>>> print(open('run03.cif').read())   # mmCIF, N, CA and C atoms
data_start
#
loop_
_atom_site.label_atom_id
_atom_site.label_comp_id
_atom_site.auth_asym_id
_atom_site.auth_seq_id
_atom_site.Cartn_x
_atom_site.Cartn_y
_atom_site.Cartn_z
N MET O 3 0.82 -1.19 0.00
CA MET O 3 0.00 0.00 0.00
C MET O 3 0.87 1.26 0.00
N LEU O 4 1.93 1.29 0.80
CA LEU O 4 2.79 2.46 0.87
C LEU O 4 3.56 2.67 -0.42
N ARG O 5 3.77 1.60 -1.19
CA ARG O 5 4.47 1.74 -2.47
C ARG O 5 3.68 2.59 -3.44
N HIS O 6 2.37 2.58 -3.39
CA HIS O 6 1.51 3.29 -4.31
C HIS O 6 1.18 4.70 -3.86
N TYR O 7 1.60 5.06 -2.66
CA TYR O 7 1.30 6.39 -2.11
C TYR O 7 1.80 7.52 -3.00
N PRO O 8 3.05 7.50 -3.51
CA PRO O 8 3.49 8.59 -4.40
C PRO O 8 2.65 8.69 -5.67
N LEU O 9 2.24 7.57 -6.21
CA LEU O 9 1.41 7.58 -7.42
C LEU O 9 0.04 8.17 -7.13
N VAL O 10 -0.58 7.77 -6.03
CA VAL O 10 -1.88 8.30 -5.65
C VAL O 10 -1.78 9.80 -5.37
N PHE O 11 -0.73 10.18 -4.67
CA PHE O 11 -0.52 11.60 -4.36
C PHE O 11 -0.38 12.43 -5.64
N SER O 12 0.40 11.95 -6.60
CA SER O 12 0.59 12.70 -7.85
C SER O 12 -0.69 12.77 -8.66
N VAL O 13 -1.51 11.74 -8.64
CA VAL O 13 -2.80 11.78 -9.36
C VAL O 13 -3.72 12.80 -8.71
N VAL O 14 -3.77 12.82 -7.39
CA VAL O 14 -4.63 13.78 -6.67
C VAL O 14 -4.18 15.21 -6.96
N ILE O 15 -2.88 15.45 -6.92
CA ILE O 15 -2.36 16.79 -7.22
C ILE O 15 -2.66 17.15 -8.67
N GLY O 16 -2.49 16.20 -9.57
CA GLY O 16 -2.79 16.45 -10.98
C GLY O 16 -4.24 16.82 -11.21
N LEU O 17 -5.13 16.15 -10.52
CA LEU O 17 -6.56 16.46 -10.65
C LEU O 17 -6.89 17.82 -10.05
N ALA O 18 -6.19 18.18 -9.00
CA ALA O 18 -6.43 19.48 -8.36
C ALA O 18 -5.94 20.62 -9.23
N ILE O 19 -4.85 20.39 -9.96
CA ILE O 19 -4.25 21.44 -10.78
C ILE O 19 -4.90 21.52 -12.17
N SER O 20 -5.51 20.47 -12.64
CA SER O 20 -6.02 20.42 -14.01
C SER O 20 -6.99 21.55 -14.36
N PRO O 21 -7.86 22.03 -13.46
CA PRO O 21 -8.69 23.17 -13.85
C PRO O 21 -7.87 24.42 -14.15
N ILE O 22 -6.74 24.56 -13.47
CA ILE O 22 -5.88 25.71 -13.71
C ILE O 22 -5.23 25.58 -15.08
N VAL O 23 -4.81 24.38 -15.43
CA VAL O 23 -4.12 24.15 -16.70
C VAL O 23 -5.07 24.33 -17.88
N HIS O 24 -6.29 23.89 -17.75
CA HIS O 24 -7.26 23.98 -18.84
C HIS O 24 -8.07 25.26 -18.70
N ALA O 25 -7.41 26.37 -18.92
CA ALA O 25 -8.07 27.67 -18.79
C ALA O 25 -9.08 27.87 -19.92
N ASP O 26 -10.04 28.68 -19.65
CA ASP O 26 -11.09 28.99 -20.60
C ASP O 26 -10.54 29.91 -21.69
N ALA O 27 -10.78 29.58 -22.94
CA ALA O 27 -10.28 30.39 -24.06
C ALA O 27 -10.90 31.79 -24.04
N ALA O 28 -12.16 31.89 -23.65
CA ALA O 28 -12.81 33.20 -23.59
C ALA O 28 -12.18 34.06 -22.49
N ALA O 29 -11.82 33.43 -21.39
CA ALA O 29 -11.17 34.17 -20.30
C ALA O 29 -9.79 34.66 -20.75
N GLU O 30 -9.09 33.83 -21.50
CA GLU O 30 -7.78 34.25 -22.01
C GLU O 30 -7.93 35.45 -22.94
N ARG O 31 -8.92 35.40 -23.82
CA ARG O 31 -9.15 36.51 -24.75
C ARG O 31 -9.49 37.79 -23.98
N GLU O 32 -10.26 37.64 -22.91
CA GLU O 32 -10.62 38.80 -22.10
C GLU O 32 -9.39 39.43 -21.45
N VAL O 33 -8.53 38.58 -20.92
CA VAL O 33 -7.31 39.08 -20.28
C VAL O 33 -6.39 39.72 -21.32
N LEU O 34 -6.27 39.11 -22.49
CA LEU O 34 -5.44 39.70 -23.55
C LEU O 34 -6.00 41.05 -24.00
N ALA O 35 -7.31 41.16 -24.09
CA ALA O 35 -7.92 42.45 -24.46
C ALA O 35 -7.64 43.50 -23.39
N ARG O 36 -7.70 43.09 -22.13
CA ARG O 36 -7.39 44.01 -21.03
C ARG O 36 -5.91 44.41 -21.07
N LEU O 37 -5.05 43.47 -21.38
CA LEU O 37 -3.63 43.75 -21.50
C LEU O 37 -3.37 44.74 -22.64
N LEU O 38 -4.04 44.54 -23.75
CA LEU O 38 -3.91 45.46 -24.88
C LEU O 38 -4.35 46.86 -24.48
N HIS O 39 -5.43 46.97 -23.73
CA HIS O 39 -5.92 48.26 -23.25
C HIS O 39 -4.89 48.92 -22.34
N GLU O 40 -4.29 48.15 -21.45
CA GLU O 40 -3.28 48.69 -20.55
C GLU O 40 -2.05 49.16 -21.32
N LEU O 41 -1.64 48.40 -22.33
CA LEU O 41 -0.49 48.81 -23.14
C LEU O 41 -0.77 50.11 -23.88
N GLN O 42 -2.01 50.29 -24.32
CA GLN O 42 -2.37 51.54 -24.99
C GLN O 42 -2.34 52.71 -24.00
N ALA O 43 -2.68 52.44 -22.75
CA ALA O 43 -2.64 53.49 -21.74
C ALA O 43 -1.21 53.90 -21.41
N ILE O 44 -0.28 53.00 -21.61
CA ILE O 44 1.14 53.29 -21.34
C ILE O 44 1.65 54.36 -22.31
N ASP O 45 1.08 54.45 -23.48
CA ASP O 45 1.53 55.44 -24.47
C ASP O 45 1.56 56.85 -23.89
N SER O 46 0.55 57.23 -23.12
CA SER O 46 0.52 58.57 -22.54
C SER O 46 1.63 58.74 -21.49
N LEU O 47 1.91 57.68 -20.73
CA LEU O 47 3.01 57.75 -19.76
C LEU O 47 4.36 57.92 -20.46
N ILE O 48 4.52 57.25 -21.57
CA ILE O 48 5.75 57.40 -22.34
C ILE O 48 5.87 58.84 -22.84
N GLY O 49 4.77 59.41 -23.30
CA GLY O 49 4.78 60.81 -23.74
C GLY O 49 5.17 61.76 -22.62
N HIS O 50 4.65 61.52 -21.42
CA HIS O 50 5.01 62.37 -20.27
C HIS O 50 6.50 62.24 -19.95
N ALA O 51 7.00 61.02 -19.93
CA ALA O 51 8.41 60.81 -19.63
C ALA O 51 9.29 61.44 -20.70
N GLU O 52 8.89 61.31 -21.93
CA GLU O 52 9.67 61.88 -23.03
C GLU O 52 9.70 63.40 -22.95
N ALA O 53 8.61 63.99 -22.54
CA ALA O 53 8.56 65.45 -22.39
C ALA O 53 9.45 65.94 -21.25
N GLN O 54 9.69 65.10 -20.26
CA GLN O 54 10.50 65.47 -19.10
C GLN O 54 11.98 65.12 -19.25
N ARG O 55 12.36 64.53 -20.36
CA ARG O 55 13.74 64.06 -20.50
C ARG O 55 14.74 65.20 -20.48
N ASP O 56 15.93 64.87 -20.08
CA ASP O 56 17.04 65.82 -20.04
C ASP O 56 17.70 65.83 -21.42
N LYS O 57 17.50 66.87 -22.16
CA LYS O 57 18.03 66.96 -23.52
C LYS O 57 19.54 67.13 -23.55
N GLU O 58 20.14 67.49 -22.42
CA GLU O 58 21.59 67.68 -22.33
C GLU O 58 22.31 66.42 -21.85
N SER O 59 21.57 65.38 -21.52
CA SER O 59 22.17 64.17 -20.99
C SER O 59 23.04 63.48 -22.04
N ARG O 60 24.15 62.92 -21.58
CA ARG O 60 25.05 62.22 -22.50
C ARG O 60 24.46 60.88 -22.93
N ILE O 61 23.81 60.20 -22.00
CA ILE O 61 23.14 58.93 -22.31
C ILE O 61 21.64 59.18 -22.29
N ARG O 62 21.02 58.89 -23.41
CA ARG O 62 19.59 59.19 -23.55
C ARG O 62 18.78 57.91 -23.70
N PHE O 63 17.62 57.92 -23.10
CA PHE O 63 16.67 56.83 -23.26
C PHE O 63 16.05 56.95 -24.64
N GLN O 64 15.98 55.85 -25.35
CA GLN O 64 15.47 55.87 -26.73
C GLN O 64 13.96 55.57 -26.73
N TYR O 65 13.19 56.62 -26.60
CA TYR O 65 11.73 56.47 -26.54
C TYR O 65 11.17 55.92 -27.84
N ASP O 66 11.75 56.28 -28.96
CA ASP O 66 11.24 55.77 -30.23
C ASP O 66 11.42 54.26 -30.33
N TRP O 67 12.52 53.72 -29.80
CA TRP O 67 12.72 52.27 -29.80
C TRP O 67 11.69 51.58 -28.90
N LEU O 68 11.44 52.18 -27.75
CA LEU O 68 10.43 51.63 -26.84
C LEU O 68 9.06 51.63 -27.50
N LYS O 69 8.72 52.72 -28.17
CA LYS O 69 7.43 52.82 -28.86
C LYS O 69 7.31 51.77 -29.95
N GLN O 70 8.39 51.53 -30.69
CA GLN O 70 8.38 50.51 -31.74
C GLN O 70 8.15 49.12 -31.15
N ASP O 71 8.85 48.81 -30.06
CA ASP O 71 8.67 47.50 -29.43
C ASP O 71 7.25 47.33 -28.91
N LEU O 72 6.72 48.35 -28.24
CA LEU O 72 5.35 48.26 -27.73
C LEU O 72 4.35 48.13 -28.88
N SER O 73 4.62 48.80 -29.97
CA SER O 73 3.75 48.69 -31.14
C SER O 73 3.74 47.27 -31.68
N ARG O 74 4.91 46.63 -31.71
CA ARG O 74 4.99 45.22 -32.16
C ARG O 74 4.22 44.30 -31.22
N ILE O 75 4.37 44.53 -29.93
CA ILE O 75 3.67 43.71 -28.95
C ILE O 75 2.17 43.87 -29.10
N LYS O 76 1.70 45.13 -29.21
CA LYS O 76 0.27 45.38 -29.36
C LYS O 76 -0.27 44.76 -30.65
N ALA O 77 0.51 44.87 -31.73
CA ALA O 77 0.08 44.30 -33.00
C ALA O 77 -0.04 42.78 -32.90
N GLY O 78 0.89 42.15 -32.19
CA GLY O 78 0.82 40.70 -32.01
C GLY O 78 -0.40 40.27 -31.22
N ILE O 79 -0.70 40.99 -30.15
CA ILE O 79 -1.88 40.68 -29.34
C ILE O 79 -3.14 40.91 -30.15
N GLN O 80 -3.20 42.04 -30.86
CA GLN O 80 -4.37 42.36 -31.67
C GLN O 80 -4.59 41.31 -32.75
N ALA O 81 -3.52 40.88 -33.41
CA ALA O 81 -3.64 39.86 -34.45
C ALA O 81 -4.17 38.56 -33.86
N HIS O 82 -3.73 38.21 -32.68
CA HIS O 82 -4.22 36.99 -32.04
C HIS O 82 -5.70 37.11 -31.68
N LEU O 83 -6.09 38.27 -31.19
CA LEU O 83 -7.49 38.47 -30.81
C LEU O 83 -8.41 38.46 -32.04
N GLU O 84 -7.92 38.98 -33.14
CA GLU O 84 -8.75 39.04 -34.34
C GLU O 84 -8.83 37.70 -35.06
N ALA O 85 -7.74 36.98 -35.12
CA ALA O 85 -7.74 35.71 -35.85
C ALA O 85 -6.73 34.75 -35.24
N PRO O 86 -7.10 34.08 -34.16
CA PRO O 86 -6.16 33.15 -33.56
C PRO O 86 -5.80 32.03 -34.53
N ARG O 87 -4.55 31.63 -34.53
CA ARG O 87 -4.07 30.60 -35.44
C ARG O 87 -3.59 29.40 -34.66
N ALA O 88 -3.62 28.26 -35.31
CA ALA O 88 -3.17 27.04 -34.66
C ALA O 88 -1.66 26.96 -34.62
N GLU O 89 -0.98 27.55 -35.59
CA GLU O 89 0.48 27.48 -35.65
C GLU O 89 1.08 28.80 -35.19
N PRO O 90 2.17 28.74 -34.43
CA PRO O 90 2.81 29.98 -34.00
C PRO O 90 3.47 30.69 -35.18
N ARG O 91 3.51 31.99 -35.08
CA ARG O 91 4.16 32.80 -36.11
C ARG O 91 5.41 33.42 -35.53
N THR O 92 6.31 33.82 -36.39
CA THR O 92 7.52 34.48 -35.92
C THR O 92 7.34 35.98 -36.00
N PHE O 93 7.94 36.67 -35.04
CA PHE O 93 7.91 38.12 -34.99
C PHE O 93 9.34 38.61 -34.92
N PRO O 94 9.60 39.81 -35.41
CA PRO O 94 10.97 40.33 -35.30
C PRO O 94 11.34 40.49 -33.84
N PRO O 95 12.61 40.30 -33.50
CA PRO O 95 13.01 40.42 -32.10
C PRO O 95 12.86 41.84 -31.59
N LEU O 96 12.59 41.97 -30.29
CA LEU O 96 12.52 43.28 -29.66
C LEU O 96 13.94 43.82 -29.47
N ARG O 97 14.06 45.10 -29.52
CA ARG O 97 15.37 45.72 -29.34
C ARG O 97 15.83 45.51 -27.90
N GLY O 98 14.97 45.82 -26.94
CA GLY O 98 15.25 45.54 -25.53
C GLY O 98 16.19 46.51 -24.83
N ASP O 99 17.12 47.11 -25.53
CA ASP O 99 18.08 48.03 -24.92
C ASP O 99 17.69 49.44 -25.33
N TYR O 100 17.33 50.27 -24.36
CA TYR O 100 16.80 51.60 -24.67
C TYR O 100 17.76 52.71 -24.30
N ARG O 101 19.00 52.39 -24.13
CA ARG O 101 20.01 53.40 -23.80
C ARG O 101 21.00 53.52 -24.95
N ARG O 102 21.45 54.71 -25.20
CA ARG O 102 22.46 54.92 -26.23
C ARG O 102 23.62 55.66 -25.64
#
>>> encode(input="run03.cif", output="structure tokens")
Amino acid sequence: MLRHYPLVFSVVIGLAISPIVHADAAAEREVLARLLHELQAIDSLIGHAEAQRDKESRIRFQYDWLKQDLSRIKAGIQAHLEAPRAEPRTFPPLRGDYRR
């Protein structure tokens, strides 16, 4: 009986976690839409930060690169929301480094 305890335990844990793993597709779409909305709201914050930047600084934050990356991310989310596909697509890599 004790030999089967790890197997029984793993099955019970698997059954407890399975609702989390099998998330609702509609719920995922809702969260992605909310994420897209939040990313669009970030645009105004970027504008505020860009307006406050130190134009005399030797090292400058590249706001245009950040905007391009966010635009790619938003386009990817929007494309998924409009027409989800079974196969993954490739996207150009993000720049990631915003200092020059």
>>> atom_distance(input="run03.cif", atom1="CA of Gly78 (chain O)", atom2="CA of Glu32 (chain O)")
15.3 Å
>>> closest_residue(input="run03.cif", among="O:Phe93, O:Lys76, O:Glu84, O:Tyr100", to="Ala43 (chain O)", atoms="only C-alpha atoms")
O:Lys76
>>> atom_distance(input="run03.cif", atom1="CA of Ala51 (chain O)", atom2="CA of Arg101 (chain O)")
14.4 Å
>>> atom_distance(input="run03.cif", atom1="CA of Leu38 (chain O)", atom2="atom C of Ile75 (chain O)")
7.6 Å
>>> residues_around(input="run03.cif", residues="Arg74 (chain O)", least_positions_apart="6", cutoff="8 Å", atoms="only N, CA and C atoms", output="list in words")
Leu68, Gln80 and Pro94 of chain O
>>> axis_aligned_box(input="run03.cif", around="region 81-85 of chain O", padding_each_side="8 Å", output="JSON")
{"center_x": -6.2, "center_y": 37.8, "center_z": -33.3, "size_x": 21.3, "size_y": 22.1, "size_z": 21.0}
>>> closest_residue(input="run03.cif", among="O:Gln64, O:Ala85, O:Asp45, O:Ile79", to="Asp99 (chain O)", atoms="all atoms listed in the file")
O:Gln64
